[in-house]
file entry.tsv (TSV, C-alpha atoms)
chain	number	residue	atom	x	y	z
A	1	MET	CA	47.01	76.57	-6.64
A	2	THR	CA	50.21	75.60	-4.80
A	3	ASP	CA	50.06	74.47	-1.17
A	4	SER	CA	51.78	77.59	0.11
A	5	ALA	CA	49.30	79.86	-1.64
A	6	ASP	CA	46.26	78.05	-0.20
A	7	PRO	CA	45.14	80.07	2.87
A	8	VAL	CA	43.33	77.07	4.38
A	9	LEU	CA	46.45	74.90	4.23
A	10	THR	CA	48.60	77.72	5.58
A	11	LYS	CA	46.22	78.16	8.50
A	12	HIS	CA	46.28	74.41	9.14
A	13	ARG	CA	50.08	74.39	9.17
A	14	GLU	CA	50.17	77.27	11.65
A	15	LEU	CA	47.58	75.53	13.82
A	16	GLU	CA	49.57	72.31	13.64
A	17	ARG	CA	52.74	74.03	14.86
A	18	ILE	CA	50.81	75.62	17.73
A	19	ALA	CA	49.25	72.26	18.62
A	20	MET	CA	52.63	70.51	18.50
A	21	VAL	CA	54.38	73.03	20.74
A	22	ALA	CA	51.50	72.85	23.26
A	23	LEU	CA	51.76	69.04	23.13
A	24	ARG	CA	55.50	69.23	23.73
A	25	ALA	CA	54.91	71.22	26.90
A	26	ALA	CA	52.12	68.81	27.93
A	27	ARG	CA	54.42	65.81	27.43
A	28	LEU	CA	57.15	67.38	29.56
A	29	PHE	CA	54.62	68.23	32.28
A	30	LEU	CA	53.47	64.61	32.39
A	31	GLU	CA	57.05	63.31	32.41
A	32	SER	CA	57.82	65.71	35.29
A	33	GLY	CA	55.02	64.29	37.45
A	34	ALA	CA	52.39	67.02	37.05
A	35	ARG	CA	48.68	66.40	37.61
A	36	VAL	CA	46.51	66.24	34.49
A	37	LYS	CA	44.80	69.50	35.51
A	38	VAL	CA	48.18	71.29	35.42
A	39	VAL	CA	49.04	69.67	32.07
A	40	HIS	CA	45.78	70.89	30.55
A	41	GLU	CA	46.03	74.37	32.02
A	42	GLY	CA	49.63	74.72	30.77
A	43	ALA	CA	48.80	73.61	27.23
A	44	GLU	CA	45.74	75.88	27.17
A	45	LEU	CA	47.83	78.89	28.23
A	46	ILE	CA	50.19	78.27	25.30
A	47	VAL	CA	47.33	77.95	22.82
A	48	LYS	CA	45.68	81.07	24.26
A	49	GLY	CA	48.88	83.05	23.65
A	50	PHE	CA	48.31	82.65	19.91
A	51	GLY	CA	44.65	83.66	20.06
A	52	VAL	CA	43.66	80.11	19.20
A	53	SER	CA	41.01	78.18	21.12
A	54	CYS	CA	41.51	74.76	22.62
A	55	VAL	CA	38.56	72.50	21.79
A	56	GLY	CA	39.72	69.65	23.99
A	57	MET	CA	42.52	67.47	25.28
A	58	ARG	CA	42.89	63.83	26.26
A	59	ALA	CA	45.61	62.81	28.67
A	60	GLY	CA	46.59	59.16	28.52
A	61	TYR	CA	49.38	57.50	30.45
A	62	ALA	CA	51.46	56.92	27.31
A	63	SER	CA	50.10	59.58	24.94
A	64	HIS	CA	48.48	63.00	24.89
A	65	GLU	CA	46.10	64.55	22.34
A	66	ILE	CA	44.98	68.08	21.68
A	67	THR	CA	42.41	69.65	19.36
A	68	VAL	CA	42.79	73.36	18.56
A	69	SER	CA	40.68	75.56	16.37
A	70	HIS	CA	40.70	79.01	14.83
A	71	GLY	CA	37.81	80.25	12.72
A	72	GLN	CA	36.80	77.47	10.34
A	73	ASN	CA	40.01	75.45	10.92
A	74	THR	CA	40.32	72.67	13.46
A	75	ILE	CA	43.22	70.30	13.91
A	76	THR	CA	43.90	67.33	16.23
A	77	ARG	CA	47.38	66.09	17.01
A	78	MET	CA	48.82	63.45	19.35
A	79	THR	CA	52.21	62.85	20.96
A	80	ALA	CA	53.76	59.92	22.81
A	81	VAL	CA	54.63	60.40	26.47
A	82	GLY	CA	57.85	58.91	27.89
A	83	PRO	CA	58.50	57.46	31.35
A	84	HIS	CA	56.75	59.35	34.13
A	85	GLY	CA	59.18	60.79	36.67
A	86	VAL	CA	59.14	63.67	39.13
A	87	ASN	CA	61.06	66.88	38.38
A	88	HIS	CA	59.70	69.75	40.43
A	89	ARG	CA	62.03	72.44	39.08
A	90	LEU	CA	61.34	71.62	35.43
A	91	ASP	CA	57.59	71.48	36.15
A	92	HIS	CA	57.64	74.99	37.64
A	93	ALA	CA	59.96	76.42	34.97
A	94	LEU	CA	57.49	75.15	32.35
A	95	ARG	CA	54.57	76.72	34.22
A	96	ALA	CA	56.35	80.09	34.19
A	97	LEU	CA	56.98	79.70	30.45
A	98	CYS	CA	53.29	78.89	29.81
A	99	VAL	CA	52.25	82.06	31.66
A	100	ARG	CA	54.71	84.11	29.56
A	101	VAL	CA	53.40	82.58	26.33
A	102	SER	CA	49.79	83.29	27.33
A	103	GLN	CA	50.60	87.02	27.47
A	104	GLY	CA	51.34	86.89	23.73
A	105	GLY	CA	54.31	88.03	21.68
A	106	MET	CA	56.25	84.75	21.43
A	107	THR	CA	56.59	82.72	18.25
A	108	VAL	CA	56.42	78.92	18.06
A	109	ASP	CA	60.16	78.79	17.31
A	110	GLU	CA	60.94	80.93	20.35
A	111	ILE	CA	58.85	78.66	22.58
A	112	ASP	CA	60.54	75.58	21.15
A	113	ARG	CA	63.96	77.09	21.81
A	114	GLU	CA	62.93	78.04	25.34
A	115	ILE	CA	61.67	74.51	26.04
A	116	ASP	CA	64.99	73.15	24.69
A	117	ARG	CA	66.86	75.50	27.03
A	118	LEU	CA	64.73	74.53	30.04
A	119	THR	CA	65.15	70.79	29.49
A	120	ARG	CA	68.90	71.28	29.01
A	121	GLU	CA	69.63	73.85	31.71
A	122	THR	CA	67.12	73.33	34.52
A	123	ALA	CA	69.29	72.50	37.50
A	124	ARG	CA	69.38	68.95	38.85
A	125	TYR	CA	71.15	67.57	41.88
A	126	HIS	CA	74.21	65.41	41.25
A	127	PRO	CA	73.29	61.69	41.31
A	128	ALA	CA	75.62	61.17	44.30
A	129	VAL	CA	73.77	63.90	46.26
A	130	VAL	CA	70.43	62.33	45.34
A	131	ALA	CA	71.66	58.88	46.44
A	132	VAL	CA	72.83	60.13	49.87
A	133	ALA	CA	69.60	62.15	50.31
A	134	VAL	CA	67.56	59.05	49.51
A	135	GLY	CA	69.64	57.04	52.00
A	136	ILE	CA	68.88	59.66	54.69
A	137	ALA	CA	65.18	59.54	53.74
A	138	CYS	CA	65.11	55.73	54.09
A	139	ALA	CA	66.89	55.88	57.47
A	140	SER	CA	64.40	58.56	58.60
A	141	PHE	CA	61.50	56.46	57.34
A	142	GLY	CA	63.00	53.60	59.36
A	143	GLN	CA	63.04	55.74	62.51
A	144	LEU	CA	59.41	56.68	61.90
A	145	LEU	CA	58.55	52.98	61.54
A	146	GLY	CA	60.42	52.13	64.75
A	147	ILE	CA	63.73	50.51	63.76
A	148	ASP	CA	66.40	50.53	66.47
A	149	TRP	CA	69.37	52.92	66.32
A	150	VAL	CA	71.94	50.26	65.36
A	151	ALA	CA	69.93	49.51	62.20
A	152	THR	CA	69.80	53.16	61.12
A	153	GLY	CA	73.31	53.21	59.60
A	154	PRO	CA	72.80	50.03	57.54
A	155	VAL	CA	69.43	51.33	56.27
A	156	LEU	CA	71.07	54.63	55.26
A	157	VAL	CA	73.77	52.74	53.33
A	158	ALA	CA	71.21	50.36	51.78
A	159	GLY	CA	69.01	53.23	50.62
A	160	THR	CA	72.02	55.07	49.16
A	161	VAL	CA	73.23	51.99	47.28
A	162	GLY	CA	69.66	51.24	46.16
A	163	GLN	CA	69.35	54.71	44.62
A	164	PHE	CA	72.76	54.32	42.88
A	165	VAL	CA	71.57	51.01	41.41
A	166	ARG	CA	68.25	52.55	40.34
A	167	HIS	CA	70.04	55.45	38.63
A	168	ALA	CA	72.46	53.09	36.84
A	169	LEU	CA	69.65	50.80	35.62
A	170	ARG	CA	67.54	53.75	34.43
A	171	GLN	CA	70.50	54.93	32.35
A	172	ARG	CA	70.36	51.51	30.65
A	173	HIS	CA	66.60	51.95	29.98
A	174	LEU	CA	65.72	48.74	31.82
A	175	ASN	CA	62.02	48.04	32.43
A	176	TYR	CA	60.60	50.24	35.22
A	177	TYR	CA	59.13	47.32	37.20
A	178	VAL	CA	62.18	45.09	36.83
A	179	ILE	CA	64.26	47.96	38.23
A	180	ALA	CA	61.91	48.05	41.25
A	181	ALA	CA	62.48	44.33	41.91
A	182	VAL	CA	66.28	44.56	41.51
A	183	VAL	CA	66.58	47.68	43.68
A	184	ALA	CA	64.32	46.17	46.35
A	185	PHE	CA	66.43	43.00	46.41
A	186	VAL	CA	69.75	44.88	46.69
A	187	ALA	CA	68.52	47.42	49.26
A	188	ALA	CA	66.59	44.92	51.41
A	189	ALA	CA	69.47	42.39	51.39
A	190	LEU	CA	72.02	45.07	52.32
A	191	GLY	CA	69.79	46.65	54.96
A	192	GLY	CA	68.86	43.29	56.46
A	193	PHE	CA	72.42	41.94	56.42
A	194	GLY	CA	73.83	45.14	57.96
A	195	ALA	CA	71.13	45.36	60.63
A	196	ARG	CA	71.71	41.73	61.59
A	197	ALA	CA	75.50	42.21	61.65
A	198	PHE	CA	75.11	45.13	64.07
A	199	GLY	CA	72.85	43.09	66.35
A	200	SER	CA	69.57	44.85	65.53
A	201	THR	CA	66.34	43.38	66.88
A	202	THR	CA	64.34	44.97	64.04
A	203	VAL	CA	65.83	43.23	60.99
A	204	PRO	CA	62.54	42.71	59.02
A	205	LEU	CA	61.52	46.34	59.62
A	206	SER	CA	64.98	47.51	58.55
A	207	MET	CA	64.59	45.61	55.29
A	208	MET	CA	61.25	47.34	54.69
A	209	ALA	CA	62.72	50.75	55.48
A	210	SER	CA	65.59	50.11	53.04
A	211	ILE	CA	63.19	49.76	50.09
A	212	LEU	CA	61.02	52.78	50.85
A	213	LEU	CA	62.86	54.78	48.18
A	214	LEU	CA	60.64	52.79	45.78
A	215	VAL	CA	57.34	53.91	47.30
A	216	PRO	CA	55.66	55.89	44.50
A	217	GLY	CA	54.24	58.59	46.75
A	218	VAL	CA	53.75	61.24	44.05
A	219	PRO	CA	51.92	58.94	41.58
A	220	ALA	CA	49.83	57.57	44.47
A	221	THR	CA	48.57	61.01	45.51
A	222	ASN	CA	48.35	62.24	41.90
A	223	ALA	CA	46.14	59.23	41.10
A	224	GLN	CA	43.61	60.32	43.67
A	225	LEU	CA	43.83	64.01	42.75
A	226	ASP	CA	43.40	63.22	39.04
A	227	ILE	CA	40.24	61.27	39.81
A	228	MET	CA	38.95	64.14	41.96
A	229	ASP	CA	39.77	66.59	39.15
A	230	GLY	CA	37.63	64.54	36.73
A	231	TYR	CA	40.29	62.43	34.98
A	232	PRO	CA	39.51	58.91	36.25
A	233	SER	CA	41.26	57.06	33.40
A	234	MET	CA	44.62	58.69	34.13
A	235	GLY	CA	44.02	58.35	37.88
A	236	SER	CA	43.32	54.63	37.46
A	237	ALA	CA	46.39	54.17	35.25
A	238	ARG	CA	48.57	55.83	37.86
A	239	ALA	CA	47.04	53.70	40.64
A	240	VAL	CA	47.74	50.52	38.68
A	241	THR	CA	51.40	51.50	38.24
A	242	VAL	CA	51.65	52.16	42.00
A	243	VAL	CA	50.34	48.66	42.75
A	244	MET	CA	52.65	47.11	40.13
A	245	VAL	CA	55.73	48.85	41.56
A	246	MET	CA	54.87	47.63	45.04
A	247	VAL	CA	54.28	44.07	43.80
A	248	PHE	CA	57.70	44.00	42.10
A	249	ALA	CA	59.36	45.65	45.11
A	250	THR	CA	57.83	42.96	47.32
A	251	VAL	CA	59.24	40.25	45.05
A	252	GLY	CA	62.68	41.83	45.64
A	253	VAL	CA	62.15	41.85	49.42
A	254	TRP	CA	60.97	38.23	49.33
A	255	LEU	CA	64.12	37.21	47.42
A	256	ALA	CA	66.28	39.13	49.91
A	257	GLU	CA	64.56	37.37	52.83
A	258	PHE	CA	65.18	34.04	51.09
A	259	THR	CA	68.86	34.96	50.54
A	260	LEU	CA	69.26	35.90	54.22
A	261	GLY	CA	67.69	32.57	55.25
A	262	MET	CA	64.55	34.11	56.73
A	263	HIS	CA	62.20	31.59	55.06
B	1	MET	CA	62.12	65.66	79.21
B	2	ASP	CA	58.59	64.27	78.97
B	3	PRO	CA	58.77	61.01	76.91
B	4	ALA	CA	55.62	61.92	74.95
B	5	LEU	CA	57.11	65.28	73.93
B	6	LEU	CA	60.41	63.58	73.10
B	7	HIS	CA	58.51	61.15	70.86
B	8	VAL	CA	56.75	64.04	69.06
B	9	LEU	CA	60.10	65.79	68.51
B	10	HIS	CA	61.63	62.53	67.26
B	11	GLN	CA	58.83	62.03	64.73
B	12	ALA	CA	58.96	65.70	63.63
B	13	LEU	CA	62.73	65.58	63.11
B	14	PHE	CA	62.65	62.39	61.05
B	15	GLY	CA	59.56	63.54	59.18
B	16	ALA	CA	61.49	66.66	58.17
B	17	LEU	CA	64.56	64.64	57.13
B	18	ALA	CA	62.49	62.15	55.12
B	19	ALA	CA	60.65	65.00	53.36
B	20	ALA	CA	63.98	66.68	52.54
B	21	GLY	CA	65.45	63.44	51.20
B	22	PHE	CA	62.47	62.86	48.95
B	23	GLY	CA	62.50	66.56	48.04
B	24	VAL	CA	66.00	66.12	46.61
B	25	LEU	CA	64.83	63.04	44.70
B	26	PHE	CA	61.93	65.10	43.27
B	27	ASN	CA	64.40	67.88	42.31
B	28	ILE	CA	62.87	70.49	44.60
B	29	GLY	CA	65.18	73.53	44.65
B	30	PRO	CA	67.40	74.22	47.70
B	31	LYS	CA	65.33	77.24	48.81
B	32	THR	CA	62.04	75.33	48.65
B	33	LEU	CA	63.59	72.31	50.36
B	34	GLY	CA	63.50	74.13	53.72
B	35	TRP	CA	59.74	74.60	53.33
B	36	ALA	CA	59.35	70.90	52.47
B	37	MET	CA	61.21	70.03	55.69
B	38	ALA	CA	58.90	72.32	57.66
B	39	ALA	CA	55.86	70.71	56.03
B	40	GLY	CA	57.23	67.23	56.88
B	41	ALA	CA	57.85	68.25	60.51
B	42	LEU	CA	54.36	69.76	60.81
B	43	ALA	CA	52.66	66.73	59.23
B	44	LEU	CA	54.44	64.24	61.48
B	45	THR	CA	53.82	66.38	64.57
B	46	VAL	CA	50.09	66.51	63.87
B	47	ARG	CA	49.94	62.79	63.05
B	48	THR	CA	51.84	61.84	66.22
B	49	LEU	CA	49.72	64.10	68.41
B	50	GLY	CA	46.60	62.60	66.84
B	51	GLN	CA	47.79	59.05	67.44
B	52	ASN	CA	48.79	59.96	71.01
B	53	ALA	CA	45.22	61.20	71.49
B	54	GLY	CA	43.94	57.77	70.46
B	55	TRP	CA	43.04	58.51	66.83
B	56	SER	CA	43.45	55.82	64.19
B	57	LEU	CA	46.40	56.06	61.78
B	58	GLU	CA	43.98	57.01	59.01
B	59	ALA	CA	42.33	59.84	60.96
B	60	ALA	CA	45.68	61.16	62.18
B	61	SER	CA	47.11	61.03	58.63
B	62	PHE	CA	44.09	62.95	57.32
B	63	ALA	CA	44.50	65.65	59.97
B	64	ALA	CA	48.25	65.85	59.24
B	65	ALA	CA	47.78	66.20	55.47
B	66	LEU	CA	45.02	68.77	56.03
B	67	ALA	CA	47.31	70.76	58.34
B	68	ALA	CA	50.24	70.68	55.87
B	69	SER	CA	48.06	71.61	52.89
B	70	SER	CA	46.37	74.46	54.84
B	71	ALA	CA	49.65	75.76	56.29
B	72	VAL	CA	51.31	76.19	52.89
B	73	ARG	CA	48.46	78.57	51.89
B	74	PHE	CA	49.72	81.01	54.55
B	75	VAL	CA	53.20	81.17	53.00
B	76	ARG	CA	51.84	81.63	49.46
B	77	MET	CA	53.77	84.87	48.97
B	78	TRP	CA	57.09	82.99	49.28
B	79	LEU	CA	56.10	79.71	47.67
B	80	GLY	CA	53.69	80.72	44.89
B	81	ALA	CA	52.47	77.76	42.87
B	82	ALA	CA	55.12	75.51	44.46
B	83	ARG	CA	53.07	75.31	47.67
B	84	ASN	CA	51.14	72.19	46.57
B	85	SER	CA	54.40	70.33	45.83
B	86	VAL	CA	55.76	71.40	49.21
B	87	ALA	CA	52.69	70.05	51.01
B	88	LEU	CA	52.94	66.83	49.02
B	89	ALA	CA	56.66	66.40	49.85
B	90	GLY	CA	55.79	66.96	53.51
B	91	CYS	CA	53.21	64.18	53.39
B	92	ILE	CA	55.43	61.63	51.60
B	93	PRO	CA	56.86	60.32	54.93
B	94	MET	CA	53.30	59.25	55.85
B	95	VAL	CA	52.77	57.10	52.73
B	96	PRO	CA	52.35	53.58	54.11
B	97	GLY	CA	54.75	51.78	51.76
B	98	ALA	CA	55.93	49.34	54.43
B	99	PHE	CA	52.32	48.23	55.09
B	100	MET	CA	51.84	47.59	51.37
B	101	SER	CA	54.89	45.31	51.23
B	102	GLN	CA	53.84	43.49	54.41
B	103	ALA	CA	50.36	42.99	52.96
B	104	ILE	CA	51.74	41.47	49.76
B	105	LEU	CA	54.23	39.31	51.70
B	106	GLY	CA	51.32	38.12	53.87
B	107	LEU	CA	49.29	37.16	50.82
B	108	LEU	CA	52.32	35.31	49.42
B	109	ALA	CA	52.60	33.41	52.70
B	110	VAL	CA	48.92	32.39	52.52
B	111	THR	CA	49.47	30.87	49.07
B	112	ALA	CA	52.55	28.86	50.18
B	113	PRO	CA	52.25	25.04	49.69
B	114	GLN	CA	51.79	24.31	53.42
B	115	PRO	CA	50.89	27.56	55.15
B	116	GLU	CA	50.78	27.79	58.95
B	117	ASN	CA	48.03	29.87	60.58
B	118	GLU	CA	46.78	30.85	57.14
B	119	ILE	CA	43.60	32.47	58.47
B	120	ALA	CA	45.52	34.68	60.89
B	121	ILE	CA	48.05	35.58	58.18
B	122	PHE	CA	45.26	36.35	55.69
B	123	VAL	CA	43.40	38.55	58.16
B	124	MET	CA	46.64	40.40	58.96
B	125	ALA	CA	47.44	40.86	55.25
B	126	MET	CA	43.94	42.18	54.54
B	127	GLU	CA	44.19	44.51	57.52
B	128	TYR	CA	47.45	45.93	56.14
B	129	LEU	CA	45.93	46.25	52.68
B	130	LEU	CA	42.90	48.13	53.99
B	131	ARG	CA	45.13	50.40	56.08
B	132	VAL	CA	47.17	51.22	52.98
B	133	ALA	CA	44.04	52.07	50.98
B	134	PHE	CA	42.43	54.13	53.75
B	135	THR	CA	45.64	55.93	54.73
B	136	LEU	CA	46.47	56.84	51.12
B	137	GLY	CA	42.88	58.02	50.67
B	138	ALA	CA	43.10	60.06	53.87
B	139	ILE	CA	46.37	61.73	52.81
B	140	GLY	CA	45.01	62.51	49.33
B	141	ALA	CA	41.77	63.95	50.73
B	142	GLY	CA	43.62	65.99	53.35
B	143	LEU	CA	45.90	67.46	50.67
B	144	ALA	CA	43.09	68.13	48.21
B	145	ILE	CA	40.36	69.70	50.36
B	146	PRO	CA	42.17	73.00	51.13
B	147	THR	CA	43.26	73.20	47.47
B	148	TYR	CA	39.62	73.15	46.34
B	149	LEU	CA	38.24	75.31	49.15
B	150	LEU	CA	40.94	78.01	48.95
B	151	ARG	CA	41.43	78.31	45.23
B	152	THR	CA	43.94	80.85	43.90
B	153	ARG	CA	44.77	82.00	40.39
B	154	ASP	CA	48.45	80.93	40.62
B	155	PHE	CA	49.70	78.54	37.99

call {"tool": "encode", "arguments": {"input": "entry.tsv", "output": "structure tokens"}}
result
Amino acid sequence: MTDSADPVLTKHRELERIAMVALRAARLFLESGARVKVVHEGAELIVKGFGVSCVGMRAGYASHEITVSHGQNTITRMTAVGPHGVNHRLDHALRALCVRVSQGGMTVDEIDREIDRLTRETARYHPAVVAVAVGIACASFGQLLGIDWVATGPVLVAGTVGQFVRHALRQRHLNYYVIAAVVAFVAAALGGFGARAFGSTTVPLSMMASILLLVPGVPATNAQLDIMDGYPSMGSARAVTVVMVMVFATVGVWLAEFTLGMH
Amino acid sequence: MDPALLHVLHQALFGALAAAGFGVLFNIGPKTLGWAMAAGALALTVRTLGQNAGWSLEAASFAAALAASSAVRFVRMWLGAARNSVALAGCIPMVPGAFMSQAILGLLAVTAPQPENEIAIFVMAMEYLLRVAFTLGAIGAGLAIPTYLLRTRDF
């Protein structure tokens, strides 16, 4: 009997394609900063759309697994997960797609094409807009922390430049934590130097405010929510990355303080 | 104008701006960004009022996150499943990143070759570290509790 004529093999191949497309969605969810609960629900909706049952899933920080079954056939597949970011619009476009798939009528190829389209066409802000917005966020953070008004402009510029540097280094696929240290050094040095030049009395606080673009707020809250949802391994992994980012960011601030002669 | 009210308005304004800035970084769409600003303003207003009433930073942050997470449930018809992200963006300005850095810098200072006032520095660093842990926990709990109590079928 040839492979294509064997109904068991054919069923396995169909199941594999369903598992792989569900994994693709799961990977994109994780890379867009979704909680594990959302990742699982999204993948389950896709599987459900084919009348297949999901036996289980395992979400790791760097990989994701799924086991699907139909009748006597069960298959387990795994995919690697890339760098975790935050992309709200892609996350919600994927959720809408998962709901559509769950209603039935879409083929695996159609879903794949739709995921391609979403990753290609989901709108993103221009990097320059993001950089200025991040600068404004840092300056606002500074005001909340209590920096004086003369330091606000330098912090805004430092945050903007810091985000430009982060974007440029990410394009070069530099290590995530090394980027945190470099960005913290550049932003803190600029913010501190500018605040001092304008006669600010809150130079150390201005340096802190300048690096707040690095604070991993979404992973920090997701870590806790994942643990509450019953996924402590992913929650712990996220919490460790939060601590690591802050350690490297602090190294950057320390170097900036040293450069500005504050030690 | 009353200085206390002015301070609340100041915190609300910059809370809104910080939430919007981070909203752009998180690629929140322009229409939803306005809601994120409102959530940021609400969270910082509640936190400031709480602190003005003598609450600790942790208690005030919990109340603020609870308020933001509960408030977005009332605008569910406009926000749909995006409401949790909006509440989260609104709470980002309360994440105590500066305390975390100061705690680590304090610990670095304690381990210097000839530290001065190492006990005082260590106590201060530990205090910052505990405040980071408790404040993050408070924000996470405040965001999560309404989500679990007022479950919806949105995805």

call {"tool": "interface_residues", "arguments": {"input": "entry.tsv", "of": "chain A", "to": "chain B", "cutoff": "6 Å", "atoms": "only C-alpha atoms", "output": "ChimeraX atom specification"}}
result
/A:86-89,130,133-134,137,140,208,215,217,221,250

call {"tool": "residues_around", "arguments": {"input": "entry.tsv", "residues": "stretch 169-186 of chain A", "least_positions_apart": "3", "cutoff": "7 Å", "atoms": "only C-alpha atoms", "output": "number ranges by chain"}}
result
A: 162, 165-166, 189-190, 211, 214, 245, 248-249, 251-253, 255-256

call {"tool": "write_last_selection", "arguments": {"input": "entry.tsv", "atoms": "C-alpha atoms", "output": "short mmCIF file (atom, residue, chain, number, x, y, z; two decimals), keeping the file's coordinate frame"}}
result
data_model
loop_
_atom_site.label_atom_id
_atom_site.label_comp_id
_atom_site.auth_asym_id
_atom_site.auth_seq_id
_atom_site.Cartn_x
_atom_site.Cartn_y
_atom_site.Cartn_z
CA GLY A 162 69.66 51.24 46.16
CA VAL A 165 71.57 51.01 41.41
CA ARG A 166 68.25 52.55 40.34
CA ALA A 189 69.47 42.39 51.39
CA LEU A 190 72.02 45.07 52.32
CA ILE A 211 63.19 49.76 50.09
CA LEU A 214 60.64 52.79 45.78
CA VAL A 245 55.73 48.85 41.56
CA PHE A 248 57.70 44.00 42.10
CA ALA A 249 59.36 45.65 45.11
CA VAL A 251 59.24 40.25 45.05
CA GLY A 252 62.68 41.83 45.64
CA VAL A 253 62.15 41.85 49.42
CA LEU A 255 64.12 37.21 47.42
CA ALA A 256 66.28 39.13 49.91
#

call {"tool": "atom_distance", "arguments": {"input": "entry.tsv", "atom1": "atom CA of A:Arg117", "atom2": "atom CA of A:His64"}}
result
22.3 Å

call {"tool": "atom_distance", "arguments": {"input": "entry.tsv", "atom1": "atom CA of A:Val81", "atom2": "atom CA of A:Ala43"}}
result
14.5 Å

call {"tool": "atom_distance", "arguments": {"input": "entry.tsv", "atom1": "atom CA of A:Ser53", "atom2": "atom CA of A:Ile111"}}
result
17.9 Å

call {"tool": "residues_near_point", "arguments": {"input": "entry.tsv", "point": "(66.7, 50.6, 65.5)", "cutoff": "10 Å", "atoms": "all atoms listed in the file", "output": "MDAnalysis selection string"}}
result
chainID A and resid 139 142:143 145:153 155 195 199:203 205:206

call {"tool": "residues_near_point", "arguments": {"input": "entry.tsv", "point": "(50.8, 72.9, 44.8)", "cutoff": "12 Å", "atoms": "only C-alpha atoms", "output": "PyMOL selection string"}}
result
(chain A and resi 34-35+37-38+88+91-92+95+222+225) or (chain B and resi 36+68-73+75-76+79-90+143-144+146-148+150-155)

call {"tool": "build_atoms", "arguments": {"input": "entry.tsv", "residues": "stretch 66-77 of chain A", "atoms": "N, CA and C atoms", "output": "PDB file, in the frame of the given file"}}
result
ATOM      1  N   ILE A  66      45.560  66.739  21.561  1.00  0.00           N
ATOM      2  CA  ILE A  66      44.980  68.080  21.680  1.00  0.00           C
ATOM      3  C   ILE A  66      44.255  68.426  20.384  1.00  0.00           C
ATOM      4  N   THR A  67      43.127  69.113  20.522  1.00  0.00           N
ATOM      5  CA  THR A  67      42.410  69.650  19.360  1.00  0.00           C
ATOM      6  C   THR A  67      42.326  71.157  19.520  1.00  0.00           C
ATOM      7  N   VAL A  68      42.840  71.893  18.510  1.00  0.00           N
ATOM      8  CA  VAL A  68      42.790  73.360  18.560  1.00  0.00           C
ATOM      9  C   VAL A  68      42.019  73.867  17.338  1.00  0.00           C
ATOM     10  N   SER A  69      41.417  75.027  17.506  1.00  0.00           N
ATOM     11  CA  SER A  69      40.680  75.560  16.370  1.00  0.00           C
ATOM     12  C   SER A  69      40.825  77.077  16.293  1.00  0.00           C
ATOM     13  N   HIS A  70      40.685  77.562  15.062  1.00  0.00           N
ATOM     14  CA  HIS A  70      40.700  79.010  14.830  1.00  0.00           C
ATOM     15  C   HIS A  70      39.804  79.263  13.620  1.00  0.00           C
ATOM     16  N   GLY A  71      38.749  80.015  13.824  1.00  0.00           N
ATOM     17  CA  GLY A  71      37.810  80.250  12.720  1.00  0.00           C
ATOM     18  C   GLY A  71      37.225  78.935  12.245  1.00  0.00           C
ATOM     19  N   GLN A  72      37.360  78.681  10.933  1.00  0.00           N
ATOM     20  CA  GLN A  72      36.800  77.470  10.340  1.00  0.00           C
ATOM     21  C   GLN A  72      37.750  76.277  10.475  1.00  0.00           C
ATOM     22  N   ASN A  73      38.987  76.513  10.921  1.00  0.00           N
ATOM     23  CA  ASN A  73      40.010  75.450  10.920  1.00  0.00           C
ATOM     24  C   ASN A  73      40.115  74.774  12.279  1.00  0.00           C
ATOM     25  N   THR A  74      40.143  73.463  12.227  1.00  0.00           N
ATOM     26  CA  THR A  74      40.320  72.670  13.460  1.00  0.00           C
ATOM     27  C   THR A  74      41.343  71.589  13.165  1.00  0.00           C
ATOM     28  N   ILE A  75      42.200  71.331  14.141  1.00  0.00           N
ATOM     29  CA  ILE A  75      43.220  70.300  13.910  1.00  0.00           C
ATOM     30  C   ILE A  75      43.442  69.512  15.206  1.00  0.00           C
ATOM     31  N   THR A  76      43.644  68.203  15.072  1.00  0.00           N
ATOM     32  CA  THR A  76      43.900  67.330  16.230  1.00  0.00           C
ATOM     33  C   THR A  76      45.263  66.688  16.048  1.00  0.00           C
ATOM     34  N   ARG A  77      46.060  66.722  17.071  1.00  0.00           N
ATOM     35  CA  ARG A  77      47.380  66.090  17.010  1.00  0.00           C
ATOM     36  C   ARG A  77      47.623  65.289  18.299  1.00  0.00           C
TER      37      ARG A  77
END
